[in-house]
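Colleague: Structure incoming, see below.
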Amino acid sequence: MRFLPDLTTPFGRAAHALALLAVDPVGLGGLNLRARSGAVRDDFVALLSNLPLPLIRLHPTISDEALFGGLDLSATLARGHAVQSKGLLANPSALILSMAERCGAQLAARLALTLDNHGGHCLIALDEGAELDEIAPTALTERLAFHLDLNDVGYGDTHSLEPDADDLADARAALAHVAVATDLIAQIVGLCTGLGIDSARAPLFALQAARANAALRGATKIDKTDVEIAATLTL
């Protein structure tokens, strides 16, 4: 086994969820982090550098033109013909949405469609809501494999074990070759049923997380431990 995660603490589980996302960012969609601004969240956000994608920060009030591109007026006037600018979504990236609890329905729909198109993006929703009803839109969060809450984590509890860059790169290369036994798929579906989870995405995310965990530990097929870790982090 190449890497043994620390799943005994909330921050350790959050860090391992992010490691799995770094192995399969598109398949897992992303994560929703509920944590107020501060040192704990800063420590977690610093780990986003492990993702194999450029990081692009988004604000809840970002315009469609910024996302998808449009007419570059300055360049058009300078050159005498229409010049189109590229939007932030033009290339695969890890989209970091700050103040996700303030994301409106229109932006949520745009980002949800982006994730559904599997164009190489993943989404990190930073939810800073203080009240129970201040949450990121369900249209977004249901498309993200991981849902983390670090609000009760103290700054002294942010230590975690992390895979190194070589382990993550090897796991990404091996992911497509990780086999899945039919009985383990049935086990994952049974877990979702037993927990009363009716989302069709939940067992798929759990399966993807199990495969990413197997790849990270250097295995060629998922086993019971992979399923248990995946269920803990996604269900």
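Each chain of the structure tokens is named A, B, ... in the order shown, its residues numbered from 1; ligands are numbered from 1 in display order.
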Would you give me, as a PDB file with C-alpha atoms, in the first residue's frame, the residues in stretch 145-205 of chain A that DSSP reads as strand (DSSP E)?
Modeller:
ATOM      1  CA  PHE A 146     -18.069  15.174  -1.101  1.00  0.00           C
ATOM      2  CA  HIS A 147     -19.795  17.326   1.522  1.00  0.00           C
ATOM      3  CA  LEU A 148     -17.491  18.529   4.269  1.00  0.00           C
ATOM      4  CA  ASP A 149     -18.042  20.610   7.400  1.00  0.00           C
TER       5      ASP A 149
END
Colleague: Can you tell me, as a list in words, what residues are no more than 6 Å from A:Leu144 when counting only C-alpha atoms, ignoring any on the same chain fewer than 2 positions away?
Modeller: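 Using only C-alpha atoms, the neighbours found are Gly29, Gly30, Leu31, Thr141, Glu142 and Phe146 of chain A.
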Colleague: Which residues are close to A:His177, i.e. within 10 Å by only C-alpha atoms, leaving aside same-chain residues fewer than 4 positions away? Reply as an NGL selection string.
Modeller: :A and (172-173 or 211 or 215 or 219-221)
Colleague: Rank nothing, just name the residue among A:Met99, A:Ile62, A:Ala94, A:Leu77 nearest to A:Ile135, using only C-alpha atoms.
Modeller: A:Met99
Colleague: Rounded to one decimal in Å, what is the spacing between atom CA of A:Thr9 and atom CA of A:Leu161?
Modeller: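 Distance between the two atoms: 11.0 Å.
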Colleague: If we count only C-alpha atoms and set the cut-off at 12 Å, which residues sit around A:Ala105, ignoring sequence neighbours fewer than 3 positions away in its own chain? Please answer as a PyMOL selection string.
Modeller: chain A and resi 60-61+100-102+108-112+136-140
Colleague: Compile the contact shell of A:Ser37 as a list in words: residues with an atom at most 10 Å away, counting only C-alpha atoms, same-chain residues fewer than 4 positions apart removed.
Modeller: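 Surrounding residues, per the criterion: Arg41, Asp42, Met99, Leu126, Asp127, Glu128 and Asn151 of chain A.
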Colleague: Please determine, counting only C-alpha atoms, which residue among A:Ala35, A:Leu115, A:Val45, A:Ala202 has the shortest atom-to-atom distance to A:Gly129.
Modeller: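 Closest residue, counting only C-alpha atoms: A:Ala35.
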Colleague: Would you pick out the contacts of stretch 184-191 of chain A at 6 Å or less, using only C-alpha atoms, so that residues sharing its chain but fewer than 3 positions from it are not included, and give the list as an MDAnalysis selection string?
Modeller: chainID A and resid 181 194 203
Colleague: Got a sec: who's within 12 Å of A:Gly87, counting only C-alpha atoms, leaving out chain neighbours fewer than 6 positions off, as a list in words?
Modeller: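 With the cut-off at 12 Å, the set is Ile56, Leu58, Ile62, Ser63, Asp64, Glu65, Ala66, Leu67, Phe68, Gly69, Gly70, Leu71, Asp72 and Ser93 of chain A.
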Colleague: Could you turn the residues from that selection into a file that holds N, CA, C and O atoms, as a short mmCIF file (atom, residue, chain, number, x, y, z; two decimals), in the first residue's frame?
Modeller:
data_model
loop_
_atom_site.label_atom_id
_atom_site.label_comp_id
_atom_site.auth_asym_id
_atom_site.auth_seq_id
_atom_site.Cartn_x
_atom_site.Cartn_y
_atom_site.Cartn_z
N ILE A 56 -9.40 28.26 -10.73
CA ILE A 56 -10.05 29.50 -11.16
C ILE A 56 -11.09 29.88 -10.12
O ILE A 56 -11.98 29.10 -9.79
N LEU A 58 -14.24 31.94 -8.66
CA LEU A 58 -15.49 32.53 -9.13
C LEU A 58 -16.19 33.23 -7.96
O LEU A 58 -16.06 32.81 -6.81
N ILE A 62 -20.60 36.69 -10.68
CA ILE A 62 -19.87 36.67 -11.94
C ILE A 62 -20.84 36.66 -13.12
O ILE A 62 -21.93 36.08 -13.06
N SER A 63 -20.47 37.31 -14.19
CA SER A 63 -21.35 37.45 -15.35
C SER A 63 -21.20 36.28 -16.31
O SER A 63 -20.19 35.56 -16.32
N ASP A 64 -22.21 36.11 -17.18
CA ASP A 64 -22.14 35.09 -18.23
C ASP A 64 -20.98 35.37 -19.18
O ASP A 64 -20.33 34.44 -19.68
N GLU A 65 -20.72 36.65 -19.45
CA GLU A 65 -19.63 36.99 -20.36
C GLU A 65 -18.29 36.53 -19.79
O GLU A 65 -17.44 36.03 -20.53
N ALA A 66 -18.12 36.71 -18.48
CA ALA A 66 -16.87 36.27 -17.86
C ALA A 66 -16.76 34.74 -17.91
O ALA A 66 -15.67 34.20 -18.10
N LEU A 67 -17.88 34.05 -17.78
CA LEU A 67 -17.85 32.59 -17.79
C LEU A 67 -17.65 32.02 -19.19
O LEU A 67 -16.83 31.12 -19.40
N PHE A 68 -18.40 32.55 -20.15
CA PHE A 68 -18.45 31.94 -21.48
C PHE A 68 -17.74 32.74 -22.57
O PHE A 68 -17.59 32.27 -23.68
N GLY A 69 -17.31 33.96 -22.24
CA GLY A 69 -16.67 34.79 -23.23
C GLY A 69 -17.68 35.65 -23.97
O GLY A 69 -18.89 35.55 -23.76
N GLY A 70 -17.19 36.51 -24.83
CA GLY A 70 -18.06 37.40 -25.58
C GLY A 70 -17.23 38.36 -26.41
O GLY A 70 -16.03 38.15 -26.62
N LEU A 71 -17.87 39.40 -26.86
CA LEU A 71 -17.17 40.38 -27.69
C LEU A 71 -16.19 41.18 -26.86
O LEU A 71 -16.55 41.78 -25.86
N ASP A 72 -14.92 41.18 -27.28
CA ASP A 72 -13.90 42.00 -26.64
C ASP A 72 -13.92 43.37 -27.31
O ASP A 72 -13.38 43.56 -28.41
N SER A 93 -10.76 23.10 -15.74
CA SER A 93 -10.22 23.78 -14.56
C SER A 93 -10.98 23.36 -13.32
O SER A 93 -12.06 22.76 -13.39
#
Colleague: Just to confirm, what's the straight-line distance from atom CA of A:Asp133 to atom CA of A:His59 in Å (one decimal)?
Modeller: 19.8 Å
Colleague: Using only C-alpha atoms, can you tell me which of A:Ser74, A:Leu18, A:Gly120, A:Arg13 comes closest to A:Leu53?
Modeller: A:Gly120
Colleague: As number ranges by chain, please: all residues of stretch 130-216 of chain A that backbone DSSP puts in alpha helix (DSSP H).
Modeller: A: 138-141, 165-174, 182-194, 201-216
Colleague: One number please: atom CA of A:Thr232 to atom CA of A:Ala212, in Å, one decimal.
Modeller: 14.0 Å
Colleague: Determine the nearest neighbour of A:Asn32 from the options A:Asn213, A:Asn117, A:Thr158, A:Ser98, counting only C-alpha atoms.
Modeller: A:Ser98
